[in-house]
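Trainee: Structure file structure-v8.txt (compact mmCIF, C-alpha atoms and all ligand atoms) is given on the next line.
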```txt
# COMPACT_ATOMS: atom_id res chain seq x y z
CA MET D 1 95.82 -52.42 108.08
CA SER D 2 93.75 -52.90 104.94
CA VAL D 3 96.85 -54.01 103.01
CA ASP D 4 97.35 -56.84 105.49
CA VAL D 5 93.71 -57.90 105.29
CA LEU D 6 93.86 -58.02 101.50
CA ALA D 7 97.09 -60.01 101.64
CA LYS D 8 95.45 -62.47 104.04
CA ILE D 9 92.47 -62.86 101.70
CA ALA D 10 94.84 -63.41 98.75
CA GLN D 11 96.73 -66.03 100.71
CA GLN D 12 93.49 -67.84 101.60
CA VAL D 13 92.34 -67.71 97.97
CA SER D 14 95.64 -69.16 96.77
CA VAL D 15 95.07 -72.38 98.71
CA CYS D 16 91.26 -72.42 98.67
CA GLU D 17 89.46 -75.68 97.91
CA LYS D 18 85.91 -74.50 98.62
CA CYS D 19 84.63 -75.29 95.15
CA PRO D 20 85.61 -77.65 92.32
CA LEU D 21 87.36 -74.89 90.35
CA HIS D 22 90.46 -75.45 92.44
CA HIS D 23 91.03 -78.77 90.67
CA SER D 24 91.78 -77.20 87.29
CA ARG D 25 93.42 -73.91 88.25
CA LYS D 26 97.09 -73.23 87.70
CA ASN D 27 96.98 -70.05 89.75
CA ALA D 28 94.15 -68.52 91.73
CA VAL D 29 93.59 -64.85 90.90
CA PRO D 30 92.59 -62.97 94.05
CA GLY D 31 92.76 -59.47 92.55
CA GLN D 32 95.17 -56.58 92.30
CA GLY D 33 95.25 -52.93 93.26
CA PRO D 34 95.65 -50.46 96.11
CA ALA D 35 93.86 -51.11 99.39
CA ASP D 36 92.43 -47.58 99.37
CA ALA D 37 91.24 -47.59 95.75
CA ALA D 38 88.33 -45.22 95.10
CA ILE D 39 87.08 -47.48 92.36
CA MET D 40 86.79 -51.25 92.22
CA PHE D 41 86.21 -53.23 89.03
CA ILE D 42 84.62 -56.63 89.42
CA GLY D 43 84.72 -58.97 86.45
CA GLU D 44 83.50 -62.53 86.04
CA GLY D 45 86.41 -64.94 86.37
CA PRO D 46 90.01 -65.53 85.31
CA GLY D 47 90.65 -66.59 81.71
CA PHE D 48 93.59 -68.45 80.20
CA HIS D 49 96.24 -65.76 80.68
CA GLU D 50 95.00 -64.82 84.15
CA ASN D 51 95.18 -68.46 85.20
CA GLU D 52 98.75 -68.66 83.88
CA GLN D 53 99.95 -65.51 85.63
CA GLY D 54 97.75 -65.28 88.73
CA LEU D 55 96.82 -61.69 87.83
CA PRO D 56 93.45 -60.23 86.78
CA PHE D 57 92.73 -58.89 83.29
CA VAL D 58 96.12 -59.55 81.67
CA GLY D 59 94.87 -60.82 78.28
CA ALA D 60 93.34 -58.88 75.40
CA ALA D 61 90.40 -57.75 77.53
CA GLY D 62 92.89 -56.46 80.10
CA LYS D 63 94.69 -54.46 77.46
CA PHE D 64 91.38 -52.91 76.43
CA LEU D 65 90.62 -52.15 80.08
CA ASP D 66 93.98 -50.37 80.34
CA ASP D 67 93.07 -48.33 77.24
CA LEU D 68 89.69 -47.43 78.70
CA LEU D 69 91.33 -46.31 81.94
CA ALA D 70 93.93 -44.26 80.07
CA LYS D 71 91.17 -42.42 78.22
CA ILE D 72 89.82 -41.14 81.54
CA GLY D 73 93.25 -40.27 82.89
CA MET D 74 93.63 -43.31 85.11
CA GLN D 75 95.91 -46.29 85.15
CA ARG D 76 95.69 -49.79 86.49
CA SER D 77 97.63 -48.95 89.63
CA ASP D 78 94.84 -46.49 90.59
CA VAL D 79 92.09 -49.11 90.76
CA PHE D 80 91.39 -52.46 92.36
CA ILE D 81 90.46 -55.21 89.91
CA THR D 82 89.04 -58.59 90.83
CA ASN D 83 86.42 -61.15 89.78
CA VAL D 84 83.38 -62.86 91.26
CA VAL D 85 85.20 -66.21 91.09
CA LYS D 86 88.93 -66.33 91.74
CA CYS D 87 89.75 -69.52 89.82
CA ARG D 88 89.32 -70.10 86.10
CA PRO D 89 86.19 -71.95 85.01
CA PRO D 90 87.40 -74.64 82.56
CA GLY D 91 87.21 -73.49 78.95
CA ASN D 92 86.09 -70.05 80.14
CA ARG D 93 82.57 -71.35 80.74
CA ASP D 94 80.19 -69.33 82.87
CA PRO D 95 80.68 -69.72 86.62
CA LEU D 96 78.10 -71.98 88.26
CA ALA D 97 75.82 -70.90 91.07
CA GLN D 98 77.61 -73.10 93.60
CA GLU D 99 80.98 -71.59 92.56
CA LEU D 100 79.65 -68.05 92.87
CA GLU D 101 78.25 -68.88 96.28
CA ALA D 102 81.45 -70.55 97.48
CA CYS D 103 83.66 -67.67 96.33
CA GLY D 104 81.37 -64.84 97.35
CA ASP D 105 82.78 -64.36 100.82
CA TYR D 106 86.23 -63.46 99.48
CA LEU D 107 84.76 -60.75 97.28
CA GLU D 108 82.60 -59.49 100.11
CA ARG D 109 85.62 -59.16 102.39
CA GLN D 110 87.57 -57.36 99.67
CA ILE D 111 84.73 -54.86 99.22
CA GLN D 112 84.41 -54.29 102.96
CA THR D 113 88.17 -53.81 103.29
CA ILE D 114 88.71 -51.48 100.31
CA ASN D 115 85.40 -49.66 100.85
CA PRO D 116 85.50 -48.12 97.35
CA GLN D 117 83.50 -45.04 96.44
CA VAL D 118 82.39 -46.64 93.19
CA ILE D 119 82.00 -50.29 92.20
CA VAL D 120 81.98 -51.03 88.48
CA THR D 121 80.63 -54.44 87.56
CA LEU D 122 81.96 -55.85 84.29
CA GLY D 123 79.60 -58.36 82.77
CA ARG D 124 76.34 -59.92 83.89
CA PHE D 125 77.56 -62.28 86.64
CA SER D 126 79.20 -59.45 88.48
CA MET D 127 76.18 -57.20 87.92
CA ALA D 128 73.83 -59.90 89.22
CA ARG D 129 75.55 -59.82 92.60
CA PHE D 130 74.21 -56.30 93.11
CA LEU D 131 71.29 -56.11 90.68
CA PRO D 132 69.93 -59.63 90.32
CA ASP D 133 66.94 -58.68 88.18
CA ALA D 134 68.64 -56.16 85.88
CA LYS D 135 69.38 -56.59 82.19
CA ILE D 136 72.78 -55.25 81.24
CA SER D 137 71.53 -53.95 77.90
CA THR D 138 69.11 -51.74 79.83
CA VAL D 139 71.14 -50.55 82.81
CA HIS D 140 74.73 -50.37 81.56
CA GLY D 141 76.40 -47.08 82.40
CA GLN D 142 73.72 -46.07 84.93
CA SER D 143 74.89 -45.34 88.46
CA MET D 144 72.78 -46.83 91.19
CA GLN D 145 72.91 -46.78 94.94
CA VAL D 146 72.82 -50.35 96.17
CA ARG D 147 72.96 -50.98 99.91
CA GLY D 148 74.83 -47.73 100.47
CA ARG D 149 77.29 -48.18 97.63
CA LEU D 150 77.43 -46.57 94.23
CA VAL D 151 77.36 -49.34 91.64
CA VAL D 152 77.77 -48.85 87.89
CA PRO D 153 77.12 -51.91 85.72
CA MET D 154 79.03 -52.08 82.46
CA TYR D 155 79.61 -54.55 79.68
CA HIS D 156 82.63 -56.79 80.08
CA PRO D 157 85.56 -55.50 77.94
CA ALA D 158 85.78 -58.95 76.32
CA ALA D 159 82.25 -58.42 74.98
CA ALA D 160 83.48 -55.38 73.02
CA LEU D 161 86.33 -57.43 71.58
CA HIS D 162 83.81 -59.93 70.25
CA GLN D 163 81.18 -57.38 69.23
CA GLY D 164 82.70 -54.19 67.86
CA SER D 165 79.50 -52.18 68.18
CA LEU D 166 79.85 -52.36 71.97
CA ARG D 167 83.21 -50.59 71.96
CA PRO D 168 81.82 -47.02 71.77
CA VAL D 169 79.16 -48.01 74.31
CA ILE D 170 81.79 -49.04 76.86
CA GLU D 171 83.91 -45.99 76.08
CA ARG D 172 80.91 -43.74 76.69
CA ASP D 173 80.08 -45.52 79.96
CA PHE D 174 83.70 -45.23 81.13
CA SER D 175 83.81 -41.51 80.33
CA GLN D 176 81.31 -40.90 83.15
CA LEU D 177 83.47 -42.48 85.84
CA PRO D 178 85.58 -39.45 86.90
CA GLY D 179 82.40 -37.44 87.49
CA LEU D 180 80.77 -40.27 89.40
CA ILE D 181 83.78 -40.70 91.66
CA ALA D 182 83.68 -36.98 92.45
CA LYS D 183 79.92 -37.15 93.12
CA ALA D 184 80.32 -40.16 95.38
CA ALA D 185 83.04 -38.40 97.38
CA ASP D 186 80.55 -35.56 98.04
CA ALA D 187 77.58 -37.78 98.92
CA PRO D 188 77.19 -38.14 102.70
CA GLU D 189 74.58 -40.88 102.33
CA LEU D 190 77.26 -43.02 100.71
CA HIS D 191 79.72 -42.36 103.52
CA ASP D 192 77.30 -42.75 106.40
CA ALA D 193 74.98 -45.52 105.22
CA PRO D 194 75.39 -48.93 106.83
CA ARG D 195 77.17 -51.11 104.31
CA ASP D 196 76.03 -54.65 104.70
CA ASP D 197 76.37 -56.17 101.26
CA ARG D 198 74.50 -59.25 102.42
CA GLN D 199 71.22 -57.37 102.89
CA ASP D 200 68.34 -57.67 100.46
CA PRO D 201 69.96 -56.98 97.09
CA LYS D 202 66.73 -55.64 95.59
CA GLN D 203 66.85 -52.37 97.53
CA LEU D 204 68.23 -49.85 95.09
CA SER D 205 67.66 -46.34 93.98
CA PHE D 206 69.04 -44.22 91.22
CA PHE D 207 71.84 -41.94 92.32
S1 LIG O 1 86.79 -70.21 92.78
FE1 LIG O 1 86.84 -69.27 94.80
S2 LIG O 1 85.75 -70.74 96.14
FE2 LIG O 1 86.35 -71.84 94.25
S3 LIG O 1 88.32 -72.78 94.77
FE3 LIG O 1 88.74 -70.78 93.76
S4 LIG O 1 88.98 -69.35 95.47
FE4 LIG O 1 87.97 -71.18 96.28
```
Give the structure from this file in structure tokens form.
Mentor:
Amino acid sequence: MSVDVLAKIAQQVSVCEKCPLHHSRKNAVPGQGPADAAIMFIGEGPGFHENEQGLPFVGAAGKFLDDLLAKIGMQRSDVFITNVVKCRPPGNRDPLAQELEACGDYLERQIQTINPQVIVTLGRFSMARFLPDAKISTVHGQSMQVRGRLVVPMYHPAAALHQGSLRPVIERDFSQLPGLIAKAADAPELHDAPRDDRQDPKQLSFF
């Protein structure tokens, strides 16, 4: 059962010591959402409030994410939300390459288990996992087929909180999601393609 697999991953994350971030965490944040979610949001890493509560996107950026979801008729319980690193980088610094590498297998297993129709990356570290050479200012809001999955890079909601001009950009990008989910559900190449997320990440095509 996918629920059991996700619970096992969460349990492993909660006691993980694979990278130095475990030293400073209060709570690991494995992710939250239904095991059969059609859409998966992948952010960068837990912040202060996430570290306190062990839940993803519970601070101001999380509130904005809830608002964005509400605008497209969805709610948090409809989607799976996680991050590329499951423990808070001290001071909210960027995750380091060794931390991304150490934590990557948990995310990979979550993706394989949930098998979402659409993956939305929030921020550049999450985007780089699928589109290592892309610039977010160029590709945000564009849907791309990456290794048999539909991936839509977007700005991180926290970026819009710091830079107000990004707010309408994110809202516009989010407004496309219901249509993209419907398209993905009707795309046999996305159902039938082999989904090995460890293949060459540079193979992509526009959907
Ligand atoms: S960030 Fe990931 S790899 Fe590092 S200790 Fe936390 S769960 Fe383990």
Trainee: Neighbours of ligand LIG 1 (chain O) within 10 Å, counting only C-alpha atoms and all ligand atoms, as a ChimeraX atom specification?
Mentor: /D:9-25,27-30,45-46,83-89,95-96,98-107
Trainee: For Gln142 (chain D), which residue out of D:Ser77, D:Gln176, D:Gln53, D:Thr82 is the nearest one, using all atoms listed in the file?
Mentor: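 Closest residue, counting all atoms listed in the file: D:Gln176.
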Trainee: Could you check how far CA of Leu150 (chain D) sits from CA of Met127 (chain D), in Å to one decimal?
Mentor: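 So the answer is 12.4 Å.
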Trainee: How far is it from CA of Gln75 (chain D) to CA of Arg172 (chain D), in Å with one decimal?
Mentor: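 Distance between the two atoms: 17.4 Å.
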Trainee: Give me the residues near Val139 (chain D) as a ChimeraX atom specification, where near means some atom within 10 Å (using only C-alpha atoms) and where sequence neighbours in that chain fewer than 6 positions away do not count.
Mentor: /D:127,131,152-155
Trainee: D:Arg109, D:Thr121, D:Asp186, D:Ser126: which is nearest Asp173 (chain D), counting all atoms listed in the file?
Mentor: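 When distances to Asp173 (chain D) are compared using all atoms listed in the file, the smallest one comes from D:Thr121.
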Trainee: Which one is closest to Val5 (chain D): D:Leu69, D:Ala187, D:Ala35, D:Val169? Count only C-alpha atoms.
Mentor: D:Ala35
Trainee: One decimal, Å: what's the distance from CA of Gln112 (chain D) over to CA of Ala37 (chain D), could you say?
Mentor: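 Between these atoms lies a distance of 12.0 Å.
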Trainee: Which residue gives the smallest distance to Val120 (chain D) among D:Phe57, D:Leu180, D:Glu44, D:Ile39, with all atoms listed in the file counted?
Mentor: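 Smallest distance to Val120 (chain D) is found for D:Ile39.
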Trainee: How would you write as a list in words the residues that get within 10 Å of (94.1, -56.3, 81.5) in the file's frame, counting only C-alpha atoms?
Mentor: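 Those residues, ordered by chain and then number, are His49, Glu50, Leu55, Pro56, Phe57, Val58, Gly59, Ala60, Ala61, Gly62, Lys63, Phe64, Leu65, Asp66, Asp67, Arg76, Ile81 and Pro157 of chain D.
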Trainee: Given the choices D:Ala185, D:Leu161, D:Ile170, D:Ile72, which gets closest to Val118 (chain D) if the distance is worked out from all atoms listed in the file?
Mentor: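 Answer, going by the shortest atom-to-atom distance: D:Ala185.
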Trainee: When you count only C-alpha atoms, which of these residues is closest to Gln117 (chain D): D:Gln145, D:Ser165, D:Asn51, D:Ser2?
Mentor: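 Result for the nearest residue to Gln117 (chain D): D:Gln145.
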